[in-house]
>>> print(open('target-v8.cif').read())   # mmCIF, C-alpha atoms
data_upload
#
loop_
_atom_site.group_PDB
_atom_site.id
_atom_site.type_symbol
_atom_site.label_atom_id
_atom_site.label_comp_id
_atom_site.auth_asym_id
_atom_site.auth_seq_id
_atom_site.Cartn_x
_atom_site.Cartn_y
_atom_site.Cartn_z
ATOM 1 C CA MET A 15 40.628 96.387 255.563
ATOM 2 C CA ARG A 16 40.355 93.077 257.400
ATOM 3 C CA ALA A 17 37.492 92.221 259.696
ATOM 4 C CA LEU A 18 35.750 89.288 261.347
ATOM 5 C CA VAL A 19 32.361 88.800 259.712
ATOM 6 C CA VAL A 20 29.360 86.620 260.503
ATOM 7 C CA ASP A 21 29.503 83.111 259.009
ATOM 8 C CA HIS A 22 26.476 80.815 259.293
ATOM 9 C CA SER A 23 28.289 77.790 257.835
ATOM 10 C CA GLU A 24 29.802 74.926 259.811
ATOM 11 C CA ALA A 25 33.140 76.748 259.601
ATOM 12 C CA GLY A 26 31.669 79.717 261.540
ATOM 13 C CA PRO A 27 30.597 81.524 263.614
ATOM 14 C CA VAL A 28 33.001 84.138 262.192
ATOM 15 C CA ARG A 29 35.575 84.315 259.408
ATOM 16 C CA PHE A 30 38.035 86.858 258.082
ATOM 17 C CA ALA A 31 37.048 88.994 255.112
ATOM 18 C CA ASP A 32 38.133 92.140 253.304
ATOM 19 C CA VAL A 33 35.509 94.832 253.859
ATOM 20 C CA ASP A 34 35.089 98.479 252.946
ATOM 21 C CA GLU A 35 36.661 101.117 255.129
ATOM 22 C CA PRO A 36 34.123 102.712 257.507
ATOM 23 C CA VAL A 37 32.933 106.195 256.617
ATOM 24 C CA PRO A 38 32.200 108.081 259.867
ATOM 25 C CA SER A 39 29.210 110.402 260.055
ATOM 26 C CA THR A 40 29.695 113.897 261.459
ATOM 27 C CA GLY A 41 28.934 112.529 264.924
ATOM 28 C CA GLU A 42 31.251 109.514 264.818
ATOM 29 C CA ALA A 43 34.933 109.019 265.609
ATOM 30 C CA LEU A 44 37.187 106.712 263.620
ATOM 31 C CA VAL A 45 38.938 104.264 265.931
ATOM 32 C CA GLU A 46 41.888 102.051 265.038
ATOM 33 C CA ILE A 47 41.225 98.807 266.894
ATOM 34 C CA ARG A 48 44.084 97.205 268.849
ATOM 35 C CA HIS A 49 42.203 94.540 270.851
ATOM 36 C CA ILE A 50 38.797 92.854 270.630
ATOM 37 C CA GLY A 51 36.793 91.189 273.391
ATOM 38 C CA LEU A 52 34.805 88.042 272.586
ATOM 39 C CA ASN A 53 31.451 87.344 274.242
ATOM 40 C CA PHE A 54 29.746 83.958 274.421
ATOM 41 C CA GLY A 55 26.315 85.267 273.454
ATOM 42 C CA GLU A 56 27.232 87.073 270.250
ATOM 43 C CA LEU A 57 29.126 83.978 269.042
ATOM 44 C CA ASN A 58 26.713 81.290 270.212
ATOM 45 C CA TYR A 59 23.677 83.081 268.767
ATOM 46 C CA VAL A 60 25.353 84.318 265.601
ATOM 47 C CA HIS A 61 22.272 83.395 263.542
ATOM 48 C CA GLN A 62 20.681 86.594 264.863
ATOM 49 C CA TRP A 63 23.038 88.654 262.656
ATOM 50 C CA PRO A 64 23.164 88.703 258.813
ATOM 51 C CA VAL A 65 25.825 86.727 256.946
ATOM 52 C CA GLY A 66 28.839 88.842 256.027
ATOM 53 C CA ALA A 67 28.188 91.621 258.560
ATOM 54 C CA VAL A 68 31.191 92.805 260.531
ATOM 55 C CA HIS A 69 30.587 91.217 263.930
ATOM 56 C CA GLY A 70 31.389 92.044 267.538
ATOM 57 C CA HIS A 71 30.558 94.768 270.016
ATOM 58 C CA ASP A 72 33.527 95.213 272.365
ATOM 59 C CA ALA A 73 37.048 96.415 271.625
ATOM 60 C CA ALA A 74 39.699 98.985 272.477
ATOM 61 C CA GLY A 75 41.955 101.167 270.373
ATOM 62 C CA ILE A 76 43.085 104.658 269.414
ATOM 63 C CA VAL A 77 41.043 107.510 267.964
ATOM 64 C CA VAL A 78 42.649 108.281 264.597
ATOM 65 C CA ARG A 79 40.024 110.828 263.527
ATOM 66 C CA ALA A 80 37.815 112.728 265.949
ATOM 67 C CA ALA A 81 34.139 113.300 265.191
ATOM 68 C CA SER A 82 33.876 116.239 262.805
ATOM 69 C CA ASP A 83 31.099 117.860 264.839
ATOM 70 C CA GLY A 84 33.528 118.342 267.715
ATOM 71 C CA SER A 85 31.918 115.792 270.017
ATOM 72 C CA GLY A 86 33.811 113.021 271.760
ATOM 73 C CA PRO A 87 37.520 112.424 272.400
ATOM 74 C CA PRO A 88 40.260 114.020 270.272
ATOM 75 C CA GLU A 89 42.640 112.254 267.931
ATOM 76 C CA GLY A 90 45.171 110.080 269.750
ATOM 77 C CA THR A 91 42.895 109.233 272.689
ATOM 78 C CA ARG A 92 42.972 105.647 273.981
ATOM 79 C CA VAL A 93 39.377 104.399 274.120
ATOM 80 C CA ALA A 94 37.279 101.408 275.080
ATOM 81 C CA VAL A 95 34.447 100.517 272.698
ATOM 82 C CA GLY A 96 31.433 99.009 274.425
ATOM 83 C CA MET A 97 28.276 97.440 272.966
ATOM 84 C CA ALA A 98 28.930 99.159 269.637
ATOM 85 C CA PRO A 99 28.140 97.393 266.327
ATOM 86 C CA HIS A 100 30.786 96.110 263.895
ATOM 87 C CA ALA A 101 33.659 96.390 266.388
ATOM 88 C CA TRP A 102 35.770 93.418 265.249
ATOM 89 C CA ALA A 103 37.624 95.171 262.448
ATOM 90 C CA GLU A 104 40.874 97.022 261.935
ATOM 91 C CA ARG A 105 38.995 100.324 262.040
ATOM 92 C CA VAL A 106 35.493 101.227 263.141
ATOM 93 C CA ALA A 107 33.289 104.325 263.114
ATOM 94 C CA VAL A 108 31.818 104.777 266.598
ATOM 95 C CA SER A 109 29.522 107.265 268.278
ATOM 96 C CA PRO A 110 31.312 108.973 271.196
ATOM 97 C CA ALA A 111 28.370 107.843 273.349
ATOM 98 C CA SER A 112 29.744 104.292 273.104
ATOM 99 C CA LEU A 113 33.328 105.219 273.996
ATOM 100 C CA GLY A 114 35.139 105.407 277.312
ATOM 101 C CA THR A 115 38.485 107.177 277.663
ATOM 102 C CA VAL A 116 41.115 104.751 278.957
ATOM 103 C CA PRO A 117 43.373 106.159 281.723
ATOM 104 C CA GLU A 118 47.117 105.788 281.127
ATOM 105 C CA SER A 119 47.412 103.384 284.052
ATOM 106 C CA VAL A 120 44.943 100.921 282.479
ATOM 107 C CA ASP A 121 46.186 98.428 279.898
ATOM 108 C CA LEU A 122 44.329 98.872 276.608
ATOM 109 C CA ALA A 123 43.754 95.112 276.362
ATOM 110 C CA ASP A 124 42.119 95.103 279.799
ATOM 111 C CA ALA A 125 39.842 97.936 278.657
ATOM 112 C CA ALA A 126 38.629 95.711 275.809
ATOM 113 C CA ALA A 127 37.308 93.259 278.418
ATOM 114 C CA LEU A 128 34.633 95.739 279.532
ATOM 115 C CA GLY A 129 31.681 96.409 277.230
ATOM 116 C CA ILE A 130 28.970 93.775 277.547
ATOM 117 C CA ALA A 131 30.679 91.839 280.348
ATOM 118 C CA GLY A 132 31.312 94.858 282.542
ATOM 119 C CA VAL A 133 28.440 97.200 281.761
ATOM 120 C CA SER A 134 25.678 94.562 282.093
ATOM 121 C CA PRO A 135 26.310 93.675 285.768
ATOM 122 C CA PHE A 136 27.154 97.305 286.558
ATOM 123 C CA ARG A 137 23.730 98.436 285.354
ATOM 124 C CA VAL A 138 21.923 95.680 287.270
ATOM 125 C CA LEU A 139 23.808 95.933 290.546
ATOM 126 C CA ARG A 140 23.444 99.697 290.923
ATOM 127 C CA LYS A 141 19.636 99.539 290.784
ATOM 128 C CA ARG A 142 19.390 99.010 294.562
ATOM 129 C CA SER A 143 21.463 99.223 297.707
ATOM 130 C CA LEU A 144 23.475 96.034 298.212
ATOM 131 C CA LEU A 145 25.046 96.936 301.539
ATOM 132 C CA ALA A 146 24.948 93.820 303.780
ATOM 133 C CA ARG A 147 22.610 92.106 301.291
ATOM 134 C CA ASN A 148 22.946 88.489 300.147
ATOM 135 C CA VAL A 149 23.722 88.412 296.416
ATOM 136 C CA LEU A 150 24.027 85.310 294.247
ATOM 137 C CA ILE A 151 26.024 85.417 291.001
ATOM 138 C CA THR A 152 25.444 82.421 288.723
ATOM 139 C CA GLY A 153 27.921 81.517 286.009
ATOM 140 C CA ALA A 154 30.447 83.368 288.138
ATOM 141 C CA SER A 155 33.489 82.014 286.294
ATOM 142 C CA GLY A 156 32.542 83.742 283.030
ATOM 143 C CA GLY A 157 33.302 87.275 281.903
ATOM 144 C CA VAL A 158 30.079 88.789 283.257
ATOM 145 C CA GLY A 159 30.371 86.712 286.419
ATOM 146 C CA HIS A 160 33.910 87.842 287.214
ATOM 147 C CA PHE A 161 32.927 91.490 286.938
ATOM 148 C CA ALA A 162 29.666 90.918 288.852
ATOM 149 C CA VAL A 163 31.427 89.305 291.814
ATOM 150 C CA GLN A 164 33.831 92.240 292.104
ATOM 151 C CA LEU A 165 31.172 94.930 291.709
ATOM 152 C CA ALA A 166 28.786 93.323 294.199
ATOM 153 C CA ALA A 167 31.596 93.019 296.750
ATOM 154 C CA LEU A 168 32.562 96.670 296.181
ATOM 155 C CA ALA A 169 28.952 97.627 296.925
ATOM 156 C CA GLY A 170 29.120 95.903 300.308
ATOM 157 C CA ALA A 171 27.172 92.735 299.488
ATOM 158 C CA ARG A 172 27.705 89.262 300.913
ATOM 159 C CA VAL A 173 28.522 87.530 297.632
ATOM 160 C CA THR A 174 27.877 83.896 296.772
ATOM 161 C CA ALA A 175 29.412 82.732 293.479
ATOM 162 C CA LEU A 176 27.905 79.708 291.738
ATOM 163 C CA VAL A 177 30.043 77.825 289.195
ATOM 164 C CA GLY A 178 29.651 74.668 287.134
ATOM 165 C CA SER A 179 32.559 72.689 288.598
ATOM 166 C CA PRO A 180 35.212 72.959 291.325
ATOM 167 C CA GLU A 181 37.821 73.689 288.636
ATOM 168 C CA ARG A 182 35.979 76.889 287.681
ATOM 169 C CA ALA A 183 36.025 78.244 291.240
ATOM 170 C CA ALA A 184 39.651 79.418 291.083
ATOM 171 C CA GLY A 185 40.259 83.035 292.016
ATOM 172 C CA LEU A 186 36.670 83.980 292.874
ATOM 173 C CA ARG A 187 37.277 84.365 296.595
ATOM 174 C CA GLU A 188 40.180 86.681 295.827
ATOM 175 C CA LEU A 189 37.782 88.805 293.739
ATOM 176 C CA GLY A 190 35.400 89.204 296.678
ATOM 177 C CA ALA A 191 33.175 86.112 296.843
ATOM 178 C CA ASP A 192 32.358 85.084 300.423
ATOM 179 C CA LYS A 193 31.185 81.653 299.285
ATOM 180 C CA VAL A 194 31.814 79.646 296.112
ATOM 181 C CA LEU A 195 29.349 76.851 295.334
ATOM 182 C CA THR A 196 28.862 74.277 292.604
ATOM 183 C CA ASP A 197 25.272 73.493 293.650
ATOM 184 C CA LEU A 198 22.625 75.693 295.280
ATOM 185 C CA ALA A 199 21.723 72.729 297.492
ATOM 186 C CA GLU A 200 24.998 73.394 299.323
ATOM 187 C CA THR A 201 23.521 76.442 301.070
ATOM 188 C CA GLU A 202 20.348 77.380 302.943
ATOM 189 C CA ASP A 203 20.952 81.104 302.381
ATOM 190 C CA ARG A 204 18.156 83.258 300.999
ATOM 191 C CA PHE A 205 19.206 85.843 298.456
ATOM 192 C CA ASP A 206 18.046 89.423 298.107
ATOM 193 C CA LEU A 207 19.359 89.632 294.552
ATOM 194 C CA VAL A 208 20.296 87.003 291.993
ATOM 195 C CA LEU A 209 22.233 87.987 288.882
ATOM 196 C CA ASP A 210 21.748 85.039 286.543
ATOM 197 C CA THR A 211 23.757 84.441 283.376
ATOM 198 C CA VAL A 212 22.859 80.757 282.923
ATOM 199 C CA GLY A 213 19.084 80.445 282.554
ATOM 200 C CA GLY A 214 17.309 77.092 282.293
ATOM 201 C CA PRO A 215 16.481 74.981 285.379
ATOM 202 C CA LEU A 216 18.833 77.093 287.489
ATOM 203 C CA VAL A 217 16.366 79.996 287.409
ATOM 204 C CA ALA A 218 13.696 77.845 289.101
ATOM 205 C CA GLN A 219 16.248 76.706 291.687
ATOM 206 C CA ALA A 220 17.297 80.285 292.378
ATOM 207 C CA TRP A 221 13.635 81.288 292.736
ATOM 208 C CA SER A 222 13.237 78.813 295.589
ATOM 209 C CA SER A 223 16.230 80.465 297.312
ATOM 210 C CA LEU A 224 14.982 84.035 296.814
ATOM 211 C CA ALA A 225 14.239 86.076 299.929
ATOM 212 C CA GLU A 226 11.030 88.060 300.376
ATOM 213 C CA GLY A 227 11.253 91.210 298.262
ATOM 214 C CA GLY A 228 14.117 89.714 296.273
ATOM 215 C CA THR A 229 14.684 89.894 292.524
ATOM 216 C CA ILE A 230 16.255 87.614 289.940
ATOM 217 C CA HIS A 231 17.812 89.605 287.093
ATOM 218 C CA LEU A 232 18.139 87.537 283.911
ATOM 219 C CA VAL A 233 21.310 88.767 282.219
ATOM 220 C CA GLY A 234 22.010 85.742 280.010
ATOM 221 C CA TYR A 235 20.970 82.200 279.135
ATOM 222 C CA SER A 236 24.191 80.364 278.364
ATOM 223 C CA SER A 237 22.633 76.976 279.175
ATOM 224 C CA GLY A 238 20.219 77.270 276.240
ATOM 225 C CA GLN A 239 17.695 75.278 278.302
ATOM 226 C CA GLU A 240 14.089 76.013 279.179
ATOM 227 C CA THR A 241 12.938 77.027 282.638
ATOM 228 C CA THR A 242 10.019 75.145 284.192
ATOM 229 C CA PHE A 243 8.562 76.109 287.563
ATOM 230 C CA PRO A 244 6.906 73.444 289.733
ATOM 231 C CA SER A 245 3.185 73.833 290.339
ATOM 232 C CA GLY A 246 2.564 76.507 292.948
ATOM 233 C CA ALA A 247 6.153 77.759 292.988
ATOM 234 C CA LEU A 248 5.150 81.237 291.796
ATOM 235 C CA PHE A 249 2.570 81.673 294.550
ATOM 236 C CA GLY A 250 3.632 82.978 297.939
ATOM 237 C CA PHE A 251 2.881 85.226 300.896
ATOM 238 C CA GLY A 252 4.965 88.099 302.193
ATOM 239 C CA GLU A 253 6.732 90.852 300.304
ATOM 240 C CA PRO A 254 6.536 90.164 296.542
ATOM 241 C CA ARG A 255 9.458 88.571 294.744
ATOM 242 C CA SER A 256 10.171 89.319 291.087
ATOM 243 C CA ILE A 257 12.004 88.244 287.958
ATOM 244 C CA ALA A 258 13.442 91.031 285.804
ATOM 245 C CA THR A 259 14.622 90.753 282.223
ATOM 246 C CA TYR A 260 17.669 92.573 280.858
ATOM 247 C CA GLY A 261 18.109 94.049 277.413
ATOM 248 C CA ASP A 262 19.550 97.505 277.907
ATOM 249 C CA MET A 263 21.406 98.473 274.722
ATOM 250 C CA THR A 264 21.565 102.215 275.395
ATOM 251 C CA PRO A 265 24.957 103.920 274.904
ATOM 252 C CA THR A 266 27.619 102.736 277.330
ATOM 253 C CA GLY A 267 30.066 105.654 277.489
ATOM 254 C CA GLU A 268 29.083 106.797 280.980
ATOM 255 C CA GLU A 269 29.347 103.304 282.472
ATOM 256 C CA LEU A 270 32.609 102.562 280.662
ATOM 257 C CA THR A 271 34.089 105.724 282.142
ATOM 258 C CA ASP A 272 33.002 104.717 285.653
ATOM 259 C CA LEU A 273 34.370 101.180 285.263
ATOM 260 C CA LEU A 274 37.672 102.399 283.812
ATOM 261 C CA GLY A 275 37.965 104.739 286.785
ATOM 262 C CA LEU A 276 37.598 101.771 289.146
ATOM 263 C CA MET A 277 40.289 99.941 287.167
ATOM 264 C CA ALA A 278 42.644 102.911 287.362
ATOM 265 C CA ALA A 279 42.090 103.076 291.129
ATOM 266 C CA GLY A 280 42.980 99.392 291.484
ATOM 267 C CA ARG A 281 39.496 98.487 292.709
ATOM 268 C CA LEU A 282 38.437 96.447 289.662
ATOM 269 C CA SER A 283 40.469 93.968 287.629
ATOM 270 C CA ALA A 284 39.878 92.703 284.110
ATOM 271 C CA PRO A 285 39.009 88.986 284.018
ATOM 272 C CA VAL A 286 41.189 88.040 281.033
ATOM 273 C CA GLY A 287 41.256 84.255 280.900
ATOM 274 C CA LEU A 288 42.703 83.926 277.390
ATOM 275 C CA ARG A 289 44.860 86.374 275.456
ATOM 276 C CA GLY A 290 45.922 85.710 271.870
ATOM 277 C CA ASP A 291 46.124 86.944 268.292
ATOM 278 C CA TRP A 292 42.931 87.536 266.340
ATOM 279 C CA HIS A 293 44.210 85.248 263.586
ATOM 280 C CA ASP A 294 43.674 82.435 266.091
ATOM 281 C CA VAL A 295 40.025 83.345 266.615
ATOM 282 C CA GLY A 296 38.876 79.827 265.695
ATOM 283 C CA ASP A 297 40.816 78.259 268.560
ATOM 284 C CA ALA A 298 39.628 80.990 270.923
ATOM 285 C CA VAL A 299 35.972 80.397 270.029
ATOM 286 C CA GLN A 300 36.351 76.658 270.563
ATOM 287 C CA ALA A 301 37.919 77.234 273.976
ATOM 288 C CA LEU A 302 35.093 79.606 274.902
ATOM 289 C CA PHE A 303 32.388 77.166 273.817
ATOM 290 C CA ALA A 304 34.112 74.293 275.646
ATOM 291 C CA ARG A 305 34.012 76.314 278.886
ATOM 292 C CA LYS A 306 37.813 76.205 279.089
ATOM 293 C CA VAL A 307 38.147 79.953 279.631
ATOM 294 C CA HIS A 308 37.724 81.521 283.079
ATOM 295 C CA GLY A 309 36.764 85.088 282.304
ATOM 296 C CA LYS A 310 37.141 86.977 279.035
ATOM 297 C CA VAL A 311 38.844 86.195 275.729
ATOM 298 C CA ILE A 312 40.909 89.129 274.449
ATOM 299 C CA LEU A 313 42.498 89.004 270.996
ATOM 300 C CA ASP A 314 45.141 91.397 269.695
ATOM 301 C CA VAL A 315 44.489 92.890 266.271
ATOM 302 C CA ALA A 316 47.672 92.581 264.245
#
>>> encode(input="target-v8.cif", output="structure tokens")
Amino acid sequence: MRALVVDHSEAGPVRFADVDEPVPSTGEALVEIRHIGLNFGELNYVHQWPVGAVHGHDAAGIVVRAASDGSGPPEGTRVAVGMAPHAWAERVAVSPASLGTVPESVDLADAAALGIAGVSPFRVLRKRSLLARNVLITGASGGVGHFAVQLAALAGARVTALVGSPERAAGLRELGADKVLTDLAETEDRFDLVLDTVGGPLVAQAWSSLAEGGTIHLVGYSSGQETTFPSGALFGFGEPRSIATYGDMTPTGEELTDLLGLMAAGRLSAPVGLRGDWHDVGDAVQALFARKVHGKVILDVA
């Protein structure tokens, strides 16, 4: 079968290859993949995976063989695959714990946009009450950012979206952002929670805007830059502030089901900024790296 595999050469980060058919264990379902969802991190940091490995974590498709131990969805079920290994292939063996059943009213391609981009902010934002709290979402025009803005607004937060340029602000107010900024210096607000996808100097800037008792959750580091805090910046009086890392790779089935339910109810939309054929993956990766995509890249598996 055909798959997108890791390529460390200049032609990378992925290439097509013929690979062996997956052989599901007794506790795995065989899923025929219809759509894949690209994520900046897994492509930009492809050196973290071995050459030739089937790449990707997020997709959506149809169960063509249920798990033989009786667990998980039956044959014919439409499913979203989230944070599962080796997902960018024509077929993949997946634990039911990493699958979410897609309601009939949800487009299968939209379901492929979940996974890393949807589950990550969902896990962070539900850790505390956000009702009437000030929440800052950095990198708000990306896949994670689009979902984070919507989920924070649904939770009752006053949402500030931070983007890299005015051109990348489009649509964020409609998703629930109360303010859209291109520079933190544009506001004197203090934030109870910061969900940061950018890293680098922006983390130090966000720290100076953090309210007493507030937390910065580091969900990504798309800038690739180091963070340096000015002398004395980490000292302060009042209720302690904190910085929390993120690296939760536990099974996503429960969260996928919750997010798909919000989609089916019309309360959450998929941030698909580019839709194409997986044979055009090279062009899609270039567009993603050039920051030309607002939201997620979804590719159809022919």
>>> closest_atom_pairs(input="target-v8.cif", of="segment 204-290 of chain A", to="segment 101-111 of chain A", cutoff="7 Å", atoms="only C-alpha atoms", output="CSV")
residue,atom,partner,partner_atom,distance
A:Pro265,CA,A:Ala111,CA,5.4
A:Thr266,CA,A:Ala111,CA,6.5
A:Gly267,CA,A:Ala111,CA,5.0
>>> atom_distance(input="target-v8.cif", atom1="atom CA of Thr241 of chain A", atom2="atom CA of Val217 of chain A")
6.6 Å
>>> closest_residue(input="target-v8.cif", among="A:Gly190, A:Gly86, A:Gly51, A:Gly250", to="Ala126 of chain A", atoms="all atoms listed in the file")
A:Gly51
>>> resolve_selection(input="target-v8.cif", expression="the PyMOL selection byres ((chain A and resi 212) around 10)", output="compact mmCIF listing (two decimals) with C-alpha atoms, keeping the file's coordinate frame")
# COMPACT_ATOMS: atom_id res chain seq x y z
CA ILE A 151 26.02 85.42 291.00
CA THR A 152 25.44 82.42 288.72
CA GLY A 153 27.92 81.52 286.01
CA ALA A 154 30.45 83.37 288.14
CA VAL A 177 30.04 77.82 289.20
CA LEU A 209 22.23 87.99 288.88
CA ASP A 210 21.75 85.04 286.54
CA THR A 211 23.76 84.44 283.38
CA GLY A 213 19.08 80.44 282.55
CA GLY A 214 17.31 77.09 282.29
CA PRO A 215 16.48 74.98 285.38
CA LEU A 216 18.83 77.09 287.49
CA VAL A 217 16.37 80.00 287.41
CA LEU A 232 18.14 87.54 283.91
CA VAL A 233 21.31 88.77 282.22
CA GLY A 234 22.01 85.74 280.01
CA TYR A 235 20.97 82.20 279.14
CA SER A 236 24.19 80.36 278.36
CA SER A 237 22.63 76.98 279.18
CA GLY A 238 20.22 77.27 276.24
CA GLN A 239 17.70 75.28 278.30
>>> closest_residue(input="target-v8.cif", among="A:Asp272, A:Glu89, A:Glu181, A:Asp203", to="Leu165 of chain A", atoms="only C-alpha atoms")
A:Asp272
>>> resolve_selection(input="target-v8.cif", expression="the PyMOL selection byres ((chain A and resi 40) around 9)", output="VMD selection string")
chain A and resid 38 to 39 41 to 43 81 to 84
>>> residues_near_point(input="target-v8.cif", point="(21.6, 86.0, 299.1)", cutoff="9 Å", atoms="all atoms listed in the file", output="list in words")
Arg147, Asn148, Val149, Leu150, Ala171, Arg172, Val173, Thr174, Asp203, Arg204, Phe205, Asp206, Leu207, Val208, Ser223, Leu224, Ala225 and Gly228 of chain A
